[in-house]
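To be precise, the following lines are upload37.txt, and they hold compact mmCIF, C-alpha atoms.
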# COMPACT_ATOMS: atom_id res chain seq x y z
CA MET I 1 8.55 -15.81 -9.05
CA SER I 2 9.00 -13.28 -11.80
CA TRP I 3 10.40 -10.50 -9.60
CA PHE I 4 13.77 -12.31 -9.59
CA SER I 5 14.25 -12.04 -13.36
CA ARG I 6 14.58 -8.27 -13.69
CA LYS I 7 17.43 -5.97 -14.61
CA PRO I 8 19.64 -5.10 -11.61
CA THR I 9 18.26 -1.54 -11.27
CA GLN I 10 14.68 -2.73 -11.57
CA GLN I 11 15.35 -5.56 -9.13
CA LYS I 12 16.81 -3.17 -6.55
CA GLN I 13 13.82 -0.85 -6.94
CA VAL I 14 11.37 -3.73 -6.53
CA GLU I 15 13.21 -5.05 -3.47
CA ALA I 16 13.33 -1.55 -1.96
CA ALA I 17 9.60 -1.03 -2.53
CA ILE I 18 8.80 -4.45 -1.04
CA THR I 19 10.83 -3.58 2.06
CA VAL I 20 9.10 -0.22 2.52
CA MET I 21 5.68 -1.77 1.84
CA SER I 22 6.33 -4.59 4.32
CA ASN I 23 7.49 -2.14 6.99
CA LEU I 24 4.38 0.00 6.56
CA TYR I 25 2.20 -3.11 6.80
CA MET I 26 3.98 -4.63 9.80
CA HIS I 27 4.01 -1.37 11.80
CA THR I 28 0.32 -0.59 11.29
CA ILE I 29 -1.57 -3.91 11.44
CA PRO I 30 -3.60 -4.60 14.58
CA GLU I 31 -0.86 -6.79 16.12
CA ALA I 32 1.78 -4.06 15.80
CA LYS I 33 2.98 -2.82 19.17
CA ASP I 34 2.76 0.87 18.22
CA ALA I 35 -0.13 0.71 15.73
CA PRO I 36 -1.56 4.24 15.45
CA ALA I 37 -5.17 3.13 14.88
CA PRO I 38 -7.20 0.08 15.80
CA LEU I 39 -7.86 -1.46 12.40
CA GLN I 40 -11.01 -3.56 12.38
CA PHE I 41 -10.53 -6.23 9.75
CA SER I 42 -13.91 -7.87 9.20
CA LEU I 43 -13.60 -9.29 5.67
CA PRO I 44 -12.02 -12.68 4.92
CA ASP I 45 -9.40 -10.93 2.78
CA SER I 46 -8.98 -7.75 4.87
CA ARG I 47 -5.30 -8.40 5.53
CA TYR I 48 -4.63 -8.92 1.84
CA ARG I 49 -6.57 -5.78 0.94
CA TYR I 50 -4.56 -3.86 3.51
CA LEU I 51 -1.29 -5.24 2.13
CA ILE I 52 -2.34 -4.01 -1.33
CA PHE I 53 -3.26 -0.63 0.20
CA CYS I 54 0.27 -0.47 1.65
CA LEU I 55 1.65 -1.27 -1.82
CA SER I 56 -0.42 1.51 -3.37
CA THR I 57 0.74 3.92 -0.67
CA VAL I 58 4.41 3.19 -1.25
CA VAL I 59 4.06 3.48 -5.02
CA THR I 60 2.28 6.81 -4.59
CA ALA I 61 4.91 8.10 -2.16
CA VAL I 62 7.79 7.02 -4.37
CA LEU I 63 6.36 8.42 -7.59
CA ALA I 64 5.21 11.68 -6.00
CA TYR I 65 8.80 12.86 -5.70
CA ASP I 66 10.25 11.36 -8.89
CA GLU I 67 10.85 14.58 -10.81
CA GLU I 68 13.66 13.04 -12.85
CA LYS I 69 11.53 10.04 -13.86
CA LYS I 70 14.22 7.57 -12.77
CA ILE I 71 11.76 5.14 -11.24
CA GLN I 72 10.11 2.48 -13.34
CA PRO I 73 6.61 2.22 -11.87
CA GLU I 74 5.48 -0.74 -14.00
CA ALA I 75 8.35 -2.92 -12.77
CA ILE I 76 7.83 -1.88 -9.16
CA ILE I 77 4.09 -2.42 -9.27
CA LYS I 78 4.37 -5.81 -10.97
CA GLY I 79 7.15 -7.00 -8.68
CA CYS I 80 5.39 -5.86 -5.51
CA LEU I 81 2.06 -7.26 -6.64
CA ASP I 82 3.71 -10.60 -7.44
CA PHE I 83 5.33 -10.56 -4.01
CA ALA I 84 2.06 -9.65 -2.23
CA THR I 85 0.17 -12.36 -4.12
CA TRP I 86 2.85 -14.94 -3.35
CA THR I 87 3.02 -13.94 0.33
CA ALA I 88 -0.74 -14.03 0.79
CA THR I 89 -1.12 -17.32 -1.10
CA GLU I 90 1.68 -18.98 0.87
CA ASN I 91 0.10 -17.72 4.11
CA ALA I 92 -3.53 -18.19 3.07
CA GLN I 93 -4.73 -18.98 6.59
CA GLU I 94 -3.39 -15.65 7.89
CA TYR I 95 -4.51 -13.53 4.94
CA PHE I 96 -7.79 -15.24 4.01
CA GLY I 97 -8.73 -17.62 6.79
CA GLY I 98 -8.29 -20.68 4.55
CA SER I 99 -7.11 -22.01 1.24
CA VAL I 100 -7.35 -19.86 -1.90
CA ASN I 101 -6.90 -20.05 -5.64
CA PRO I 102 -3.66 -18.18 -6.48
CA GLN I 103 -5.11 -16.82 -9.72
CA ASP I 104 -8.10 -15.37 -7.85
CA VAL I 105 -5.71 -13.77 -5.36
CA ALA I 106 -3.70 -12.23 -8.22
CA ASN I 107 -6.81 -10.99 -10.02
CA ASN I 108 -8.28 -9.48 -6.86
CA GLY I 109 -4.95 -7.87 -6.01
CA LYS I 110 -4.85 -6.15 -9.39
CA MET I 111 -8.44 -5.00 -8.96
CA TYR I 112 -7.79 -3.63 -5.46
CA LEU I 113 -4.60 -1.92 -6.62
CA GLN I 114 -6.40 -0.26 -9.53
CA GLU I 115 -9.08 1.02 -7.19
CA PHE I 116 -6.53 2.41 -4.73
CA ALA I 117 -4.56 3.99 -7.60
CA LYS I 118 -7.72 5.73 -8.76
CA HIS I 119 -8.18 7.24 -5.31
CA TRP I 120 -4.49 8.09 -4.90
CA SER I 121 -4.59 9.96 -8.22
CA ARG I 122 -6.35 12.77 -6.34
CA TRP I 123 -3.54 13.08 -3.78
CA PRO I 124 -1.05 15.22 -5.79
CA GLU I 125 -3.61 17.94 -6.48
CA LEU I 126 -4.89 17.93 -2.91
CA GLU I 127 -1.30 18.10 -1.64
CA LYS I 128 -0.41 20.93 -4.00
CA GLU I 129 -3.45 22.90 -2.88
CA GLY I 130 -2.81 22.22 0.82
CA ARG I 131 -6.17 20.51 1.29
CA ASN I 132 -4.92 18.40 4.19
CA ASP I 133 -8.32 17.53 5.67
CA GLU I 134 -9.42 16.10 2.33
CA ILE I 135 -6.19 14.10 2.09
CA ILE I 136 -6.80 12.57 5.51
CA ASP I 137 -10.41 11.78 4.57
CA LEU I 138 -9.23 10.20 1.32
CA ILE I 139 -6.70 7.99 3.10
CA CYS I 140 -9.20 7.07 5.84
CA SER I 141 -11.77 5.99 3.29
CA MET I 142 -9.22 3.85 1.45
CA ILE I 143 -8.10 2.17 4.66
CA HIS I 144 -11.72 1.54 5.60
CA THR I 145 -12.28 -0.36 2.32
CA THR I 146 -9.74 -2.89 3.59
CA GLU I 147 -11.82 -3.42 6.71
CA SER I 148 -15.36 -3.52 5.37
CA ASN I 149 -17.50 -3.23 2.26
CA MET I 150 -19.74 -0.75 4.07
CA PRO I 151 -19.17 2.99 3.54
CA ALA I 152 -17.00 4.66 6.15
CA GLY I 153 -18.97 6.45 8.83
CA LYS I 154 -17.96 9.39 10.99
CA THR I 155 -16.64 7.13 13.77
CA ASP I 156 -14.57 5.16 11.23
CA MET I 157 -13.05 8.38 9.92
CA GLN I 158 -12.22 9.54 13.45
CA ARG I 159 -10.75 6.15 14.40
CA LEU I 160 -8.56 6.00 11.28
CA GLY I 161 -7.57 9.67 11.25
CA LYS I 162 -4.32 9.28 13.20
CA LEU I 163 -3.14 6.47 10.94
CA ALA I 164 -4.07 8.43 7.83
CA LEU I 165 -2.20 11.49 9.07
CA GLN I 166 0.82 9.38 9.92
CA ILE I 167 0.82 7.83 6.45
CA ASP I 168 0.51 11.19 4.73
CA CYS I 169 3.29 12.72 6.84
CA ARG I 170 5.59 9.79 6.15
CA PHE I 171 5.53 10.08 2.37
CA PRO I 172 8.98 11.76 2.32
CA THR I 173 10.32 9.13 4.73
CA MET I 174 9.01 6.29 2.59
CA ARG I 175 10.53 7.91 -0.48
CA GLY I 176 13.87 8.40 1.30
CA ALA I 177 13.94 4.80 2.52
CA PHE I 178 13.13 3.59 -0.98
CA ILE I 179 15.95 5.64 -2.54
CA GLU I 180 18.46 4.54 0.07
CA LEU I 181 17.59 0.87 -0.31
CA ALA I 182 17.43 1.00 -4.12
CA ASN I 183 20.90 2.57 -4.29
CA GLN I 184 22.70 0.13 -1.98
Please re-express this file's structure in structure tokens.
Amino acid sequence: MSWFSRKPTQQKQVEAAITVMSNLYMHTIPEAKDAPAPLQFSLPDSRYRYLIFCLSTVVTAVLAYDEEKKIQPEAIIKGCLDFATWTATENAQEYFGGSVNPQDVANNGKMYLQEFAKHWSRWPELEKEGRNDEIIDLICSMIHTTESNMPAGKTDMQRLGKLALQIDCRFPTMRGAFIELANQ
């Protein structure tokens, strides 16, 4: 895949982001031993959508603290999206419940990522203004879009609140893990 043909710094950043993204995914999916919220995946591609949500979360966390502009978001996003598409396509039964067209997976991944990025674009201002309840609601609603095409209801928001809070509070940890891995 194309993520192996990057410059060494870009490659390390992509690999670091993939590791952080994978850890977030693996520690929060329904099968995770310590999952903070019972995710209710009901769509054929819920797991893939959630993997893309995890990608968008890591990119947001990493870029939120990049004052020196040392991180190359385009390379990270492309590399992680390529990895997510490859992973989901190779494990189509797990991520989609059956066979898939790799190009459709890639196109949908880009679309989901763009939608999450649009929502995450509100996060810096909300964070700066200390509007924590709105941040949690924002994250809950994004997570819910991975579960269902229906709007999130009050019970969904309550159910996902702990996970959303955990994700928001772990932004510095995700950023720190990314930096440590990218600089090894």
Residues within 12 Å of Ser141 of chain I, all atoms listed in the file, excluding chain neighbours under 2 positions, as JSON, numbers by chain: {"I": [53, 115, 116, 119, 120, 134, 135, 136, 137, 138, 139, 143, 144, 145, 146, 147, 148, 149, 150, 151, 152, 153, 154, 155, 156, 157, 158, 159, 160, 161, 163, 164]}
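Coordinates place atom CA of Thr57 of chain I at a distance of 8.7 Å from atom CA of Ala117 of chain I.
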Selection: 10 Å around Met26 of chain I, all atoms listed in the file, excl. self and same-chain fewer than 6 positions, as number ranges by chain: I: 20, 32-33, 35, 51, 54
- prompt: Any idea what the distance is between atom CA of Ala17 of chain I and atom CA of Leu55 of chain I?
  reply: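 Computed distance, atom CA of Ala17 of chain I to atom CA of Leu55 of chain I, equals 8.0 Å.
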task: Find the residues with any atom within 12 Å of (12.1, -0.4, 1.1); use all atoms listed in the file and the coordinates as given in the file, and write the answer as an MDAnalysis selection string.
output: chainID I and resid 11:25 54:55 58:59 61:62 76 80 173:184
Residues from the last selection, C-alpha atoms, saved as a short mmCIF file (atom, residue, chain, number, x, y, z; two decimals), in the frame of the given file:
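Result file follows (result.cif):
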data_model
loop_
_atom_site.label_atom_id
_atom_site.label_comp_id
_atom_site.auth_asym_id
_atom_site.auth_seq_id
_atom_site.Cartn_x
_atom_site.Cartn_y
_atom_site.Cartn_z
CA GLN I 11 15.35 -5.56 -9.13
CA LYS I 12 16.81 -3.17 -6.55
CA GLN I 13 13.82 -0.85 -6.94
CA VAL I 14 11.37 -3.73 -6.53
CA GLU I 15 13.21 -5.05 -3.47
CA ALA I 16 13.33 -1.55 -1.96
CA ALA I 17 9.60 -1.03 -2.53
CA ILE I 18 8.80 -4.45 -1.04
CA THR I 19 10.83 -3.58 2.06
CA VAL I 20 9.10 -0.22 2.52
CA MET I 21 5.68 -1.77 1.84
CA SER I 22 6.33 -4.59 4.32
CA ASN I 23 7.49 -2.14 6.99
CA LEU I 24 4.38 0.00 6.56
CA TYR I 25 2.20 -3.11 6.80
CA CYS I 54 0.27 -0.47 1.65
CA LEU I 55 1.65 -1.27 -1.82
CA VAL I 58 4.41 3.19 -1.25
CA VAL I 59 4.06 3.48 -5.02
CA ALA I 61 4.91 8.10 -2.16
CA VAL I 62 7.79 7.02 -4.37
CA ILE I 76 7.83 -1.88 -9.16
CA CYS I 80 5.39 -5.86 -5.51
CA THR I 173 10.32 9.13 4.73
CA MET I 174 9.01 6.29 2.59
CA ARG I 175 10.53 7.91 -0.48
CA GLY I 176 13.87 8.40 1.30
CA ALA I 177 13.94 4.80 2.52
CA PHE I 178 13.13 3.59 -0.98
CA ILE I 179 15.95 5.64 -2.54
CA GLU I 180 18.46 4.54 0.07
CA LEU I 181 17.59 0.87 -0.31
CA ALA I 182 17.43 1.00 -4.12
CA ASN I 183 20.90 2.57 -4.29
CA GLN I 184 22.70 0.13 -1.98
#
message: Would you compute the distance between atom CA of Glu90 of chain I and atom CA of Val105 of chain I? Give it in Å to one decimal.
response: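 Taking atom CA of Glu90 of chain I and atom CA of Val105 of chain I, their separation equals 11.0 Å.
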message: Can you tell me which residues surround Leu81 of chain I at a distance of at most 8 Å, considering all atoms listed in the file, apart from same-chain residues fewer than 5 positions away, and format the answer as a list in words?
response: Ile52, Leu55, Ala106, Gly109 and Lys110 of chain I
- request: Using all atoms listed in the file, find the one residue out of I:Pro124, I:Gly79, I:Pro73, I:Pro38 that sits nearest to Asp168 of chain I.
  value: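 Looking at the shortest contact to Asp168 of chain I, the residue is I:Pro124.
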message: Which residues are close to Tyr95 of chain I, i.e. within 12 Å by all atoms listed in the file, leaving aside same-chain residues fewer than 3 positions away? Reply as a VMD selection string.
response: chain I and resid 29 41 to 52 84 to 92 98 to 100 105 146
Selected residue, from I:Glu74, I:Asp82, I:Glu31, I:Glu129, that lies nearest to Asn107 of chain I when counting only C-alpha atoms: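 Selected residue with least distance to Asn107 of chain I: I:Asp82.
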Repaired coordinates for segment 81-92 of chain I (all heavy atoms) as a compact mmCIF listing (two decimals), in the frame of the given file:
# COMPACT_ATOMS: atom_id res chain seq x y z
N LEU I 81 3.32 -6.52 -6.57
CA LEU I 81 2.06 -7.26 -6.64
C LEU I 81 2.32 -8.76 -6.68
O LEU I 81 1.63 -9.54 -6.01
CB LEU I 81 1.25 -6.80 -7.85
CG LEU I 81 -0.22 -7.20 -7.89
CD1 LEU I 81 -0.96 -6.80 -6.62
CD2 LEU I 81 -0.89 -6.58 -9.09
N ASP I 82 3.33 -9.18 -7.43
CA ASP I 82 3.71 -10.60 -7.44
C ASP I 82 4.10 -11.06 -6.04
O ASP I 82 3.69 -12.13 -5.58
CB ASP I 82 4.89 -10.84 -8.39
CG ASP I 82 4.52 -10.78 -9.86
OD1 ASP I 82 3.31 -10.73 -10.19
OD2 ASP I 82 5.46 -10.77 -10.70
N PHE I 83 4.89 -10.22 -5.36
CA PHE I 83 5.33 -10.56 -4.01
C PHE I 83 4.13 -10.65 -3.06
O PHE I 83 4.02 -11.60 -2.27
CB PHE I 83 6.33 -9.53 -3.49
CG PHE I 83 6.72 -9.75 -2.06
CD1 PHE I 83 7.67 -10.71 -1.73
CD2 PHE I 83 6.13 -9.02 -1.04
CE1 PHE I 83 8.03 -10.94 -0.40
CE2 PHE I 83 6.47 -9.23 0.29
CZ PHE I 83 7.42 -10.19 0.61
N ALA I 84 3.24 -9.66 -3.11
CA ALA I 84 2.06 -9.65 -2.23
C ALA I 84 1.18 -10.87 -2.49
O ALA I 84 0.69 -11.51 -1.54
CB ALA I 84 1.27 -8.36 -2.43
N THR I 85 0.99 -11.20 -3.76
CA THR I 85 0.17 -12.36 -4.12
C THR I 85 0.82 -13.64 -3.60
O THR I 85 0.15 -14.49 -3.01
CB THR I 85 -0.02 -12.43 -5.65
OG1 THR I 85 -0.69 -11.24 -6.07
CG2 THR I 85 -0.82 -13.64 -6.07
N TRP I 86 2.12 -13.76 -3.82
CA TRP I 86 2.85 -14.94 -3.35
C TRP I 86 2.77 -15.05 -1.82
O TRP I 86 2.45 -16.11 -1.28
CB TRP I 86 4.31 -14.88 -3.81
CG TRP I 86 5.14 -15.98 -3.27
CD1 TRP I 86 5.20 -17.27 -3.72
CD2 TRP I 86 6.01 -15.91 -2.14
NE1 TRP I 86 6.08 -18.00 -2.94
CE2 TRP I 86 6.59 -17.18 -1.97
CE3 TRP I 86 6.37 -14.89 -1.27
CZ2 TRP I 86 7.50 -17.46 -0.95
CZ3 TRP I 86 7.27 -15.17 -0.26
CH2 TRP I 86 7.82 -16.44 -0.10
N THR I 87 3.04 -13.94 -1.13
CA THR I 87 3.02 -13.94 0.33
C THR I 87 1.65 -14.35 0.86
O THR I 87 1.55 -15.21 1.75
CB THR I 87 3.38 -12.53 0.87
OG1 THR I 87 4.71 -12.22 0.45
CG2 THR I 87 3.29 -12.46 2.38
N ALA I 88 0.61 -13.73 0.31
CA ALA I 88 -0.74 -14.03 0.79
C ALA I 88 -1.16 -15.46 0.46
O ALA I 88 -1.82 -16.12 1.26
CB ALA I 88 -1.73 -13.03 0.20
N THR I 89 -0.77 -15.95 -0.70
CA THR I 89 -1.12 -17.32 -1.10
C THR I 89 -0.38 -18.34 -0.23
O THR I 89 -0.98 -19.33 0.21
CB THR I 89 -0.79 -17.55 -2.59
OG1 THR I 89 -1.51 -16.58 -3.37
CG2 THR I 89 -1.18 -18.93 -3.05
N GLU I 90 0.88 -18.07 0.03
CA GLU I 90 1.68 -18.98 0.87
C GLU I 90 1.21 -18.96 2.33
O GLU I 90 1.45 -19.92 3.06
CB GLU I 90 3.16 -18.61 0.81
CG GLU I 90 3.81 -18.96 -0.52
CD GLU I 90 3.86 -20.45 -0.78
OE1 GLU I 90 4.35 -21.20 0.09
OE2 GLU I 90 3.40 -20.87 -1.85
N ASN I 91 0.59 -17.88 2.74
CA ASN I 91 0.10 -17.72 4.11
C ASN I 91 -1.41 -17.52 4.08
O ASN I 91 -1.94 -16.61 4.72
CB ASN I 91 0.79 -16.53 4.78
CG ASN I 91 2.29 -16.73 4.84
OD1 ASN I 91 2.79 -17.52 5.62
ND2 ASN I 91 3.01 -16.02 3.98
N ALA I 92 -2.09 -18.36 3.32
CA ALA I 92 -3.53 -18.19 3.07
C ALA I 92 -4.35 -18.17 4.35
O ALA I 92 -5.33 -17.43 4.44
CB ALA I 92 -4.03 -19.30 2.14
